[in-house]
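Participant: My questions will all concern the structure given below.
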Amino acid sequence: MVHNPFSLEGKTILITGASSGIGRATAIECAKMGARLFITGRDFLRLEETGKMLEGNGHEWKVADLSERKGIEAIVESVPQLDGFVPAAGFTRLLPIPFVESDELNRILQVNTQAPILLTKGLVKNKKLNKGSSVVFVSSIAGVYSVSPGNGMYSASKGAIQAFMKSAALELAAKKIRCNAVNPGLVNTNILSEGKLTNEQLKARKELYPMKRFGEPEEVAYAIIYLLSDAAGWVTGTSLLIDGGFTLQ
Ligand SMILES: NC(=O)c1ccc[n+]([C@@H]2O[C@H](COP(=O)([O-])OP(=O)(O)OC[C@H]3O[C@@H](n4cnc5c(N)ncnc54)[C@H](OP(=O)(O)O)[C@@H]3O)[C@@H](O)[C@H]2O)c1
């Protein structure tokens with residue numbers, strides 16, 4: 001057999017937001033690397049579609065709304081013992097500051113920030129993360145390396161999860177649990193196709209990327225696989241920037 005320190009063979013991994021985009025691509029690629037997946041999302045049909053795309057056997061999926069406490073509790077209760085956790089669910093809402101409303105702000109913070117924190121808490125408290133586990137938060141360049149007008153709520157949610165990641169890395173090191181983040185620039189997923197940015201705005205944004213293209217979900221998935229794997233055994237508390245050079249300028 002070929003030596004592969006990036007293999008996920010024998011590992012069980014929980015991925016939220018697996019019904020679409022980066023979460024879906026991560027689930028598919030992790031299964032190809034030998035992992036057994038427990039995936040969650042809000043939309044049953046899209047989640048089931050991901051489930052059917054996974055190589056190998058023994059994968060499970062569960063519908064859960066992460067803006068609700070009971071959704072978070074249901075995931076913690078039903079997951080098996082884990083070796084990896086990737087909270088990938090998230091969304092953005094572009095609103096200039098005068099139009100920010102507390103309901104919308106709460107929803108973004110609930111899904112992008114509170115859910116990953118409370119899921120981590122639930123998994124740790126219930127001893128669901130095995131020794132040697134890896135948690136990979138899906139942060140962003142937004143709120144960490146750069147900001148853009150109208151994206152303040154999202155930037156706040158991602159900056160906060162980045163800070164939590166570092167704190168969790170320090171606190172959970174004694175339990176041999178590693179915590180890291182990936183920080184993608186713009187990636188071709190629903191987030192881009194939902195009409196939040198016009199075609200003209202997307203074209204202008206693309207020009208700002210040195211490689212003149214956005215990322216692909218698989219390009220983020222491969223970085224997540226590295227951080228989940230034993231190849232990253234001494235890597236904790238760090239962030240992996242994946243932005244085609246956008247933040248160099
Ligand atoms: N695409 C980018 O440019 C980019 C860049 C940097 C970071 N990110 C981050 O990457 C992560 C994945 O985003 P994506 O681009 O892959 O977007 P996406 O294709 O829209 O996928 C978002 C995922 O989050 C789930 N989700 C949203 N709200 C939820 C809720 N209340 N409860 C449970 N699940 C919920 C969705 O579930 P359903 O589809 O089932 O509703 C979906 O699976 C997010 O955290 C995002 O902030 C994205």
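Scheme for the structure tokens: letters A, B, ... for chains in order shown; per-chain residue numbers from 1; ligand numbers from 1 in order shown.
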Each residue of chain A with at least one atom at most 6 Å from ligand 1 should appear once, together with its nearest atom pair and the corresponding distance in Å (one decimal); atoms considered: only C-alpha atoms and all ligand atoms; ordering: chain, then increasing residue number; output as a Markdown table.

Facilitator:
| residue | atom | partner | partner_atom_place_in_ligand_line | distance |
| --- | --- | --- | --- | --- |
| A:Gly17 | CA | ligand 1 | 43 (O) | 3.2 |
| A:Ala18 | CA | ligand 1 | 43 (O) | 4.7 |
| A:Ser19 | CA | ligand 1 | 43 (O) | 4.0 |
| A:Ser20 | CA | ligand 1 | 43 (O) | 4.2 |
| A:Gly21 | CA | ligand 1 | 16 (O) | 3.3 |
| A:Ile22 | CA | ligand 1 | 16 (O) | 3.8 |
| A:Gly23 | CA | ligand 1 | 16 (O) | 5.7 |
| A:Gly41 | CA | ligand 1 | 40 (O) | 4.1 |
| A:Arg42 | CA | ligand 1 | 40 (O) | 3.4 |
| A:Asp43 | CA | ligand 1 | 40 (O) | 3.6 |
| A:Ala64 | CA | ligand 1 | 33 (C) | 5.8 |
| A:Asp65 | CA | ligand 1 | 32 (N) | 3.6 |
| A:Leu66 | CA | ligand 1 | 32 (N) | 3.7 |
| A:Ser67 | CA | ligand 1 | 31 (N) | 4.6 |
| A:Ala88 | CA | ligand 1 | 11 (C) | 4.6 |
| A:Ala89 | CA | ligand 1 | 24 (O) | 3.3 |
| A:Gly90 | CA | ligand 1 | 45 (O) | 3.5 |
| A:Phe91 | CA | ligand 1 | 47 (O) | 5.1 |
| A:Val111 | CA | ligand 1 | 31 (N) | 5.5 |
| A:Val138 | CA | ligand 1 | 45 (O) | 5.4 |
| A:Ser139 | CA | ligand 1 | 7 (C) | 5.5 |
| A:Ser140 | CA | ligand 1 | 6 (C) | 4.1 |
| A:Pro184 | CA | ligand 1 | 6 (C) | 4.4 |
| A:Gly185 | CA | ligand 1 | 5 (C) | 5.0 |
| A:Leu186 | CA | ligand 1 | 3 (O) | 3.4 |
| A:Val187 | CA | ligand 1 | 3 (O) | 3.7 |
| A:Asn188 | CA | ligand 1 | 1 (N) | 5.8 |
| A:Thr189 | CA | ligand 1 | 19 (O) | 4.6 |
| A:Asn190 | CA | ligand 1 | 19 (O) | 4.2 |
| A:Ile191 | CA | ligand 1 | 20 (O) | 4.6 |

Participant: Quick one: residues within 10 Å of stretch 75-86 of chain A, only C-alpha atoms, excluding same-chain residues fewer than 6 positions away - as a ChimeraX atom specification?

Facilitator: /A:8,10-18,23,26-27,35-40,60-66,116,118-138,177-181,224-225,227-229

Participant: Which is closer to A:Leu109 than all the others in A:Met153, A:Ala168, A:Ala173, A:Leu197, using only C-alpha atoms?

Facilitator: A:Met153

Participant: Between A:Met211, A:Leu192, A:Gly237, A:Ala204, single out the one closest to A:Ile161, counting only C-alpha atoms.

Facilitator: A:Gly237

Participant: Just how far from atom CA of A:Tyr226 is atom CA of A:Val2, in Å to one decimal?

Facilitator: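 Computing the Euclidean distance for atom CA of A:Val2 and atom CA of A:Tyr226 yields 17.1 Å.
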
Participant: So, counting only C-alpha atoms, which residue among A:Thr113, A:Ser193, A:Asn183, A:Thr92 is closest to A:Glu219?

Facilitator: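 The answer is A:Asn183, which sits nearest to A:Glu219.
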
Participant: Find the spatial neighbours of A:Met53, counting only C-alpha atoms, within a cut-off of 10 Å - ignore same-chain residues fewer than 5 positions away - and output them as a VMD selection string.

Facilitator: chain A and resid 24 to 25 27 to 28 31 47 to 48

Participant: Write out as number ranges by chain the set of residues from stretch 71-167 of chain A that DSSP, computed on the backbone, places in helix (DSSP H, G or I).

Facilitator: A: 71-78, 97-99, 102-125, 152-167

Participant: Ranking A:Arg69, A:Lys203, A:Lys166, A:Lys176 by minimum distance to A:Thr238 and counting only C-alpha atoms, which one comes first?

Facilitator: A:Lys166

Participant: Of the candidates A:Lys32, A:Lys196, A:Arg213, A:His59, which one gets nearest to A:Leu95 if we count only C-alpha atoms?

Facilitator: A:Lys196

Participant: Atom CA of A:Trp234 and atom CA of A:Ser146 are how many Å apart?

Facilitator: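 About the pair atom CA of A:Trp234 and atom CA of A:Ser146: they are 27.4 Å apart.
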
Participant: Could you write out, as a list in words, all the residues of stretch 155-197 of chain A that DSSP marks as strand (DSSP E)?

Facilitator: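 After running DSSP on the backbone, stretch 155-197 of chain A has strand (DSSP E) at Arg178, Cys179, Asn180, Ala181, Val182, Asn183 and Pro184 of chain A.
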
Participant: Keeping N, CA and C atoms, export the residues of the selection given above as a PDB file, in the first residue's frame.

Facilitator:
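Output (selection_32.pdb):
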ATOM      1  N   ARG A 178      -7.004  19.005  18.337  1.00  0.00           N
ATOM      2  CA  ARG A 178      -6.455  20.148  17.612  1.00  0.00           C
ATOM      3  C   ARG A 178      -7.592  20.988  17.029  1.00  0.00           C
ATOM      4  N   CYS A 179      -7.396  22.304  16.981  1.00  0.00           N
ATOM      5  CA  CYS A 179      -8.388  23.207  16.385  1.00  0.00           C
ATOM      6  C   CYS A 179      -7.689  24.166  15.440  1.00  0.00           C
ATOM      7  N   ASN A 180      -8.194  24.272  14.227  1.00  0.00           N
ATOM      8  CA  ASN A 180      -7.628  25.176  13.229  1.00  0.00           C
ATOM      9  C   ASN A 180      -8.771  25.773  12.407  1.00  0.00           C
ATOM     10  N   ALA A 181      -8.411  26.685  11.509  1.00  0.00           N
ATOM     11  CA  ALA A 181      -9.431  27.271  10.631  1.00  0.00           C
ATOM     12  C   ALA A 181      -8.908  27.328   9.206  1.00  0.00           C
ATOM     13  N   VAL A 182      -9.836  27.260   8.264  1.00  0.00           N
ATOM     14  CA  VAL A 182      -9.490  27.612   6.886  1.00  0.00           C
ATOM     15  C   VAL A 182     -10.146  28.955   6.599  1.00  0.00           C
ATOM     16  N   ASN A 183      -9.454  29.777   5.802  1.00  0.00           N
ATOM     17  CA  ASN A 183      -9.942  31.130   5.510  1.00  0.00           C
ATOM     18  C   ASN A 183     -10.004  31.342   4.005  1.00  0.00           C
ATOM     19  N   PRO A 184     -11.116  30.913   3.387  1.00  0.00           N
ATOM     20  CA  PRO A 184     -11.200  31.066   1.930  1.00  0.00           C
ATOM     21  C   PRO A 184     -11.555  32.486   1.510  1.00  0.00           C
TER      22      PRO A 184
END

Participant: Just give me the gap between atom CA of A:Pro217 and atom CA of A:Cys30 in Å, one decimal is fine.

Facilitator: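 For atom CA of A:Pro217 relative to atom CA of A:Cys30, the distance reads 12.8 Å.
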
Participant: Pick out the closest residue to A:Ala115 from this set: A:Asn57, A:Ser157, A:Ser148, A:Ser102. Count only C-alpha atoms.

Facilitator: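 For A:Ala115, the nearest of the given residues is A:Ser157.
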